[in-house]
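Read the structure below first, then the notes.
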Amino acid sequence: MSSVYPTRTPDVGLKTPPITPQTNQQPFAMKAKLNGKADEVPADIDIPDNYVAYTLKTQKPLPPFDWRQWHKEINWISTALLASTPIIGLVGAYYTRLRWQTALFSVVYYFFTGLGITAGYHRLWAHRAYNASRPLQYILALAGAGACEGSIKWWSRGHRAHHRYTDTDLDPYNAHKGLYWSHVGWMLVKPRRKPGVADVSDLSKSSIVRWQHKHYVGLMLTMGFLVPTIIPWLLWNDARGGYVYAAVLRLVFVHHSTFCVNSLAHWLGEAPFDDKHTPRDHLITALVTIGEGYHNFHHQFPMDYRNAIKWYQYDPTKWFIWTMQKLRLASHLKVFPDNEVKKGQLTMQLKRLRQTQENLAWPQDSNDLPVVDWDSFQEQSTKRPLILISGFIHDVSDFLEEHPGGRHLLVKMIGKDATTAFFGGVYDHSNAAHNVSFSFIPCLAVPCR
Ligand SMILES: [Zn+2]
Ligand SMILES: [Zn+2]
């Protein structure tokens with residue numbers, strides 16, 4: 001069953017309300033924490049209306065990266081994981097034969113753990129785009145742990161901040177800081193600033209999310225390394241190949257596939273729904289991210305279970321969720337009303353048309369033209385070639401030789417009203433002719449005779 005939800009996209013990052021110094025800004029969640037279970041109270045319950053502007057103004061970021069203190073600036077855990085896996089994988093692959101069973105399993109395990117992130121972490125938990133049964137939630141929580149990208153709770157908190165404060169310094173992967181920063185840079189060094197507040201209290205109420213968060217390290221090692229080594233070992237006696245290809249190299253691909261959603265999807269492609277921010281739609285991004293490449297649509301309609309809305313666009317994550325629904329493992333797939341989606345598209349199409357229009361030369365507004373009487377028109381026609389069409393006088397001196405019907409037809413109309421001849425009496429002129437006549441030849445208005 002599909003459900004429709006009326007909503008607007010969270011574009012809080014755009015707001016720059018006036019600073020009100022008297023607002024009690026700092027301990028936003030503190031009051032709430034005193035009243036209930038800390039992590040089940042919305043973290044943003046007390047934030048002021050001018051939260052973004054106030055926070056950016058008052059909370060000073062860490063100073064820029066200092067190379068003299070580099071060892072203190074590095075985020076060692078993620079740097080060690082992200083730097084060691086490609087090295088181990090490439091060296092391992094050089095010395096390890098790739099068996100076809102292991103190759104096939106690595107691809108399958110890539111999609112399994114990748115979907116844990118895209119269908120699980122991203123669309124189910126970060127965006128609540130559909131409901132999943134408990135068995136499916138466990139599968140996705142395990143699969144996502146195998147992608148070694150942090151727990152559901154941590155990941156969703158960052159991602160919700162990314163959507164809420166897109167392209168600002170409160171966005172942890174702010175695309176304005178460059179492709180490299182939004183891809184991996186933000187994980188390699190200590191963040192210059194805390195991500196903006198984002199509520200994940202709904203996730204804290206989920207026993208599966210809590211379970212995964214609590215046992216994350218064990219689950220990550222099991223699903224990321226142990227399982228993809230043990231399965232090839234037990235089934236076709238290839239533990240070493242399993243470790244190198246299905247565990248380590250597969251992890252490198254899953255990592256950079258997901259990271260591309262923050263980098264490539266904010267850099268490459270079109271903005272058919274809104275161009276205020278950096279998210280873009282592109283097939284290449286979709287291909288490398290298991291369907292997360294229609295990111296301009298996604299930032300506009302983040303709770304939609306789809307990223308690609310056309311049936312022929314590549315979005316395996318959408319196909320997976322749809323299949324889970326058919327198997328009764330998922331329900332309440334959210335779809336943004338088609339009418340609203342089309343309105344977004346039309347707004348952008350009109351904007352592009354307006355830009356094209358503004359780049360063309362158009363005639364003066366008729367209200368700005370001088371009014372000339374018939375006698376004056378007759379008199380001026382003796383000095384230069386003037387022709388009257390539909391109440392407007394045109395100087396055709398630059399057009400005499402270029403007139404497709406020949407110079408003689410224009411010459412015989414000088415000082416005369418050529419309206420009837422122009423509109424079909426002699427030839428029913430095309431749109432282009434109308435535009436040429438009315439656009440590029442200086443016009444003078446005359447009153448009706
Ligand atoms: Zn994004
Ligand atoms: Zn998202």
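Ligands are numbered from 1 in the order shown, chains are lettered A, B, ... in the order of the structure tokens, and residues start at 1 in each chain.
The binding environment of ligand 2, defined as every protein, DNA or RNA residue with an atom no more than 8 Å away and counting only C-alpha atoms and all ligand atoms, comprises His122, Arg123, Ala126, His127, His159, Arg160, His162, His163, His298, His299 and Pro302 of chain A.
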Return as a ChimeraX atom specification every polymer residue, whether protein, DNA or RNA, with at least one atom no more than 9 Å from an atom of ligand 1; count only C-alpha atoms and all ligand atoms. /A:159,162-163,166,173-175,261-263,265-266,278-280,295-296,298-299
Distance query segment 225-229 of chain A at most 7 Å, only C-alpha atoms, self and fewer than 6 positions along chain excluded, as a ChimeraX atom specification: /A:239,242-243,246-247
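The coordinates place atom CA of Ile309 of chain A at 18.6 Å from atom CA of Leu268 of chain A.
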Please produce, as a tab-separated table, a per-residue contact table for segment 75-173 of chain A versus segment 186-207 of chain A (criterion: any atom at most 8 Å away, only C-alpha atoms considered), showing the nearest atom pair and its distance in Å to one decimal, sorted by chain then residue number.
residue	atom	partner	partner_atom	distance
A:Asn75	CA	A:Val189	CA	4.8
A:Trp76	CA	A:Leu188	CA	7.3
A:Ser78	CA	A:Leu188	CA	6.3
A:Thr79	CA	A:Leu188	CA	5.1
A:Trp125	CA	A:Leu203	CA	7.2
A:Lys153	CA	A:Leu203	CA	6.7
A:Ser156	CA	A:Val200	CA	7.3
A:Arg157	CA	A:Ala198	CA	6.0
A:Gly158	CA	A:Pro195	CA	6.9
A:Arg160	CA	A:Ala198	CA	5.9
A:Ala161	CA	A:Ala198	CA	5.3
A:Arg164	CA	A:Ala198	CA	7.7
A:Tyr165	CA	A:Gly196	CA	7.0
A:Asp169	CA	A:Arg193	CA	7.4
A:Leu170	CA	A:Gly196	CA	4.5
A:Asp171	CA	A:Pro195	CA	5.8
A:Pro172	CA	A:Pro195	CA	5.2
A:Tyr173	CA	A:Trp186	CA	6.2
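Nearest to Val107 of chain A of all the residues A:Met223, A:Leu264, A:Met324, A:Val254 is A:Val254, counting only C-alpha atoms.
The coordinates place atom CA of Tyr245 of chain A at 9.0 Å from atom CA of Phe105 of chain A.
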So what do you get for atom CA of Tyr109 of chain A versus atom CA of Leu235 of chain A, distance-wise? 14.8 Å
How would you write, as a PyMOL selection string, the set of residues in segment 87-260 of chain A that DSSP gives as helix (DSSP H, G or I)? chain A and resi 87-95+100-126+134-145+152-164+175-177+179-188+201-204+207-214+216-236+239-260
Would you write out, as JSON lines, a table of all residues in segment 113-201 of chain A that have an atom no more than 8 Å from an atom of segment 313-322 of chain A, listing for each the closest atom pair and the distance in Å to one decimal, considering only C-alpha atoms and ordering rows by chain and rising residue number?
{"residue": "A:Leu115", "atom": "CA", "partner": "A:Thr317", "partner_atom": "CA", "distance": 6.5}
{"residue": "A:Thr118", "atom": "CA", "partner": "A:Thr317", "partner_atom": "CA", "distance": 6.4}
{"residue": "A:Ala119", "atom": "CA", "partner": "A:Thr317", "partner_atom": "CA", "distance": 5.7}
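Nearest residue to Tyr110 of chain A among A:Phe336, A:Phe273, A:Tyr305, A:Phe253 is A:Phe253, counting only C-alpha atoms.
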Residues near segment 83-96 of chain A, cut-off 6 Å, only C-alpha atoms, skip fewer than 3 positions along chain, as a PDB file with C-alpha atoms, in the first residue's frame:
ATOM      1  CA  THR A  79      41.731   7.308   8.568  1.00  0.00           C
ATOM      2  CA  ALA A  80      43.208   3.927   9.513  1.00  0.00           C
ATOM      3  CA  VAL A 244      40.757 -10.178   0.119  1.00  0.00           C
ATOM      4  CA  VAL A 248      38.354  -5.944   2.042  1.00  0.00           C
ATOM      5  CA  LEU A 249      38.070  -4.923  -1.615  1.00  0.00           C
TER       6      LEU A 249
END
My list of candidates is A:Pro272, A:Pro404, A:Gly146, A:Gly424. Which is closest to Arg250 of chain A when distances are computed with only C-alpha atoms? A:Gly146
